[in-house]
Structure formats: structure tokens, C-alpha cells
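Enquirer: Got a structure here, written out as C-alpha cells. Questions coming.
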Amino acid sequence: MRIDLHTHSNASDGTDSPAELVRNAAAAGLDVVALTDHDSVTGYAEAVQALPSGLTLVTGAELSCHVEGISMHMLAYLFDPEHPEFTRERDLVRTDRFRRAEAMVERCRALGAPITWDQVQRIAGDGAVGRPHVASALVEAGVVPSVDAAFTKDWVANGGRADVRKREFDPFEAVRLVRAAGGVTVFAHPGAHKRGRTVSDQVIADLAAAGLGGVEVDHADHDGPTRERLRGLAADLGLLATGSSDYHGDRKAIRLGAETTAPEVYQALVAQATGAEPVTV
Ligand code: AMP
Ligand code: FE
Ligand code: FE
Ligand code: ZN
């Protein structure tokens with residue numbers, strides 16, 4: 001079984017439509033794929049509709065969070081997408097992305113980059129608009145050679161000249177809301193220090209005590225020693241240890257299935273969820 005539990009479609013900052021994503025997942029030889037768009041569930045219907053036979057779809061989302069001034073991402077799986085309180089909070093976070101992205105465009109223009117809000121909206125389409133879309137606009141305008149090159153302090157990296165904060169979840173509140181909606185949480189790429197400061201092991205222990213289900217251990221942003229440290233921490237805290245590609249289509253180099261989750265870990269995750277079931281046709 002090949003299981004990839006972290007991917008993005010163009011419902012957030014990936015470049016595949018949800019239908020393309022599930023077709024590409026089947027072509028990549030995956031048995032299970034999770035759709036985890038940033039703060040959004042709007043890709044579910046199309047992904048289910050286009051689901052190839054033999055591929056199982058796990059519905060999910062990746063929630064933007066911060067704690068102690070540090071940005072972090074929380075994967076949420078198999079929750080009820082219509083749970084009222086969670087839906088309300090998710091909508092507030094997703095909607096605030098428009099204000100924030102428009103403010104980022106203004107910052108870029110003030111810094112001499114000739115991009116426009118219309119352009120960023122065209123690039124983002126119906127997706128939850130974010131820094132990768134602003135980065136793509138900077139590439140189009142010839143300001144930087146690649147999306148990666150826009151993620152520096154000069155432009156949109158955490159604390160960069162054109163970075164603007166957005167509304168985000170408190171991760172403890174995220175764990176509580178996802179649980180209330182019958183879902184399971186997994187702390188995404190907790191050791192991805194390239195992206196900015198990372199949270200302490202103590203915070204992970206506190207999240208575990210609050211109901212966190214797992215940590216993403218095998219991720220391209222983690223080197224070998226980081227993976228070993230996180231695997232040990234997960235074992236100590238009784239957390240599931242997942243592995244996933246964090247595929248973003250053409251916006252990032254990583255391919256579907258480049259990192260995977262063990263079948264028994266996947267089964268334990270599904271067993272904890274009551275809000276939704278994996279979809280197979
Ligand atoms: P946002 O949610 O709008 O703040 O954008 C965060 C997204 O930017 C992440 O989900 C990644 O897709 C992308 N990202 C973050 N850091 C980097 C980086 N150093 N290089 C390339 N992409 C990044
Ligand atoms: Fe992303
Ligand atoms: Fe993430
Ligand atoms: Zn992600």
C-alpha cells in the first residue's frame with residue numbers, strides 16, 4: 001500500500017485541479033491520497049467526482065496556526081466538513097487571506113515590483129489565496145526567477161519585507177475544533193526550520209495532552225537527524241508518525257508519493273476518526 005496524506009490542489013496553492021490531483025495520484029501508483037488544502041474543503045466534491053477506481057480519498061485540510069509568535073500548520077483529517085463552529089472559524093481564516101494578499105501586493109508595489117491584485121487573483125483563481133500566488137506573480141513580473149526565490153526576507157518569507165500576517169488558528173483550539181468535528185490532527189512538518197522558527201518539543205507534548213493525533217515525520221523539509229528525533233518524540237508521546245509529499249503540483253519540485261505513511265499508521269488514524277470516512281469508488 002502506498003499512502004500519501006498531504007497534498008494541495010488549486011483549491012489552495014497547488015496547481016492541479018482536484019480532479020487532476022486524484023488522477024495524478026492514481027497514475028503515481030498511490031493507493032490512498034489525502035487532499036489537504038490550506039484552510040479549505042472546497043476541493044472535496046470535484047475530487048470525489050473524479051476519483052479513479054482503486055484509489056482511496058481521505059478528506060482533510062491544513063490549518064494555518066500560530067503559537068508563541070511562531071507559524072505552524074496543523075493537518076486535519078476525516079472531520080465533518082459541515083460542523084458549524086469549525087466551519088465558521090475556517091471561513092474566517094480563509095476569508096482573511098484576501099485582505100492579507102491584497103496588502104502584500106501593495107507592499108510589493110511599494111518595493112518596486114510591478115504586480116497587481118488582479119494578477120494575483122487570476123493566478124489564485126478560486127483557491128485560498130496565499131504567499132505562493134504572490135510569489136508566482138513576482139516570477140511572472142520577472143522580479144525573481146522562481147517561487148522559491150520569492151521566499152526570502154526580501155519578499156514573502158516569514159518576516160520578509162512583503163510579508164503580512166493573516167488570521168490563524170491557535171493550534172490548541174484547532175485540535176479541539178477538529179476533535180469536536182470528529183477528525184484527527186497531525187502536526188505538519190514540525191521541524192521545517194527553513195521556513196522560520198519551529199515550536200519546542202514542550203509545545204508538541206502539550207498539544208499531545210490536548211488531543212493531537214500525530215506528527216508528520218517523513219517530509220522533504222526534514223533532514224535525517226530531524227526525522228529520527230521526531231520519530232522518537234512521537235513514540236514517547238504516543239503519537240502517530242506520518243510521512244507525506246506535501247505535493248503542490250508545479251509550484252514545488254516534490255512529486256506525489258515521494259514520502260509515504262505506513263499502512264498500520266494510516267489504519268490507526270482512520271480508526272480514530274468519526275467525522276467522515278475515506279472514500280472509495
Ligand atoms: P500562506 O499560507 O499564504 O502563508 O503560504 C504558506 C505556503 O507557502 C506554504 O504552504 C508553502 O506552500 C509555501 N512556502 C512556505 N515557505 C516556503 C519556502 N521557503 N519556499 C517555498 N514555498 C514556501
Ligand atoms: Fe502550501
Ligand atoms: Fe504546510
Ligand atoms: Zn501543505
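Following the order of the C-alpha cells, chains are lettered A, B, ..., residues in each are numbered from 1, and ligands are numbered from 1.
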If the limit is 10 Å from any atom of ligand 1, counting only C-alpha atoms and all ligand atoms, which residues qualify? Return them as a ChimeraX atom specification.

Expert: /A:8,12-14,37-39,62-65,71-73,94,97,100-101,128-135,146-152,156-158,163-166,168,192-196,221,246-248,251-253

Enquirer: Any chance you could list, as an MDAnalysis selection string, the residues in range 141-234 of chain A that come up strand (DSSP E or B) when DSSP is run on the backbone?

Expert: chainID A and resid 169 184:188 214:218

Enquirer: If we count only C-alpha atoms and set the cut-off at 9 Å, which residues sit around Ala19 in chain A, ignoring sequence neighbours fewer than 3 positions away in its own chain? Please answer as a ChimeraX atom specification.

Expert: /A:9,16,22-24,43,46-51

Enquirer: So that I can check the surroundings of range 256-268 of chain A, please list as a list in words every protein, DNA and RNA residue that reaches within 9 Å of it, counting only C-alpha atoms and ignoring chain neighbours fewer than 6 positions away.

Expert: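 The filter keeps Met1, Arg2, Ile3, Asp4, Leu5, Thr7, Asn24, Ala25, Ala28, Gly29, Leu30, Val33, Asp218, His219, Ala220, Leu240, Ala241, Thr242, Gly243, Ser244, Ser245, Asp246, Tyr247, His248 and Gly249 of chain A.
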
Enquirer: Running DSSP on the backbone, which parts of range 142-187 of chain A land in helix (DSSP H, G or I), as a PyMOL selection string?

Expert: chain A and resi 147-150+171-180

Enquirer: Give me a file of those residues, with C-alpha atoms, as a compact mmCIF listing (two decimals), in the first residue's frame.

Expert:
# COMPACT_ATOMS: atom_id res chain seq x y z
CA VAL A 147 8.69 30.74 -6.45
CA ASP A 148 11.37 29.51 -4.06
CA ALA A 149 13.43 32.63 -4.71
CA ALA A 150 10.48 34.78 -3.59
CA PRO A 171 -3.26 25.17 17.48
CA PHE A 172 -4.85 24.06 20.76
CA GLU A 173 -8.15 25.49 19.53
CA ALA A 174 -7.58 23.74 16.18
CA VAL A 175 -7.07 20.39 17.92
CA ARG A 176 -10.24 20.96 19.95
CA LEU A 177 -12.37 22.02 16.94
CA VAL A 178 -11.20 19.16 14.73
CA ARG A 179 -11.93 16.69 17.54
CA ALA A 180 -15.36 18.24 18.02

Enquirer: Near Ala137 in chain A, within 8 Å and counting only C-alpha atoms, which residues show up once chain neighbours fewer than 2 positions away are dropped, as a tab-separated table (two decimals) with N, CA, C and O atoms, in the first residue's frame?

Expert:
chain	number	residue	atom	x	y	z
A	115	ILE	N	3.56	44.15	-9.78
A	115	ILE	CA	2.49	43.15	-9.79
A	115	ILE	C	1.18	43.84	-9.42
A	115	ILE	O	1.20	44.94	-8.88
A	119	GLN	N	-3.86	40.47	-11.05
A	119	GLN	CA	-2.96	39.39	-11.48
A	119	GLN	C	-2.93	38.27	-10.43
A	119	GLN	O	-3.04	37.08	-10.78
A	120	VAL	N	-2.79	38.62	-9.17
A	120	VAL	CA	-2.72	37.62	-8.11
A	120	VAL	C	-4.06	36.87	-8.02
A	120	VAL	O	-4.09	35.65	-7.87
A	123	ILE	N	-4.16	34.36	-10.81
A	123	ILE	CA	-3.30	33.21	-10.52
A	123	ILE	C	-3.95	32.30	-9.48
A	123	ILE	O	-3.92	31.06	-9.60
A	133	HIS	N	0.89	32.37	-4.38
A	133	HIS	CA	0.30	33.06	-5.52
A	133	HIS	C	0.98	34.42	-5.74
A	133	HIS	O	1.23	34.81	-6.88
A	134	VAL	N	1.27	35.11	-4.65
A	134	VAL	CA	2.02	36.38	-4.76
A	134	VAL	C	3.40	36.07	-5.33
A	134	VAL	O	3.90	36.79	-6.21
A	135	ALA	N	4.00	34.98	-4.89
A	135	ALA	CA	5.32	34.59	-5.38
A	135	ALA	C	5.26	34.30	-6.89
A	135	ALA	O	6.16	34.72	-7.64
A	139	VAL	N	7.28	36.07	-10.03
A	139	VAL	CA	8.00	35.35	-11.08
A	139	VAL	C	7.54	35.86	-12.45
A	139	VAL	O	8.36	36.19	-13.32
A	140	GLU	N	6.21	35.94	-12.63
A	140	GLU	CA	5.66	36.44	-13.90
A	140	GLU	C	6.21	37.81	-14.25
A	140	GLU	O	6.49	38.12	-15.43
A	141	ALA	N	6.36	38.66	-13.23
A	141	ALA	CA	6.82	40.04	-13.45
A	141	ALA	C	8.34	40.11	-13.64
A	141	ALA	O	8.89	41.19	-13.86
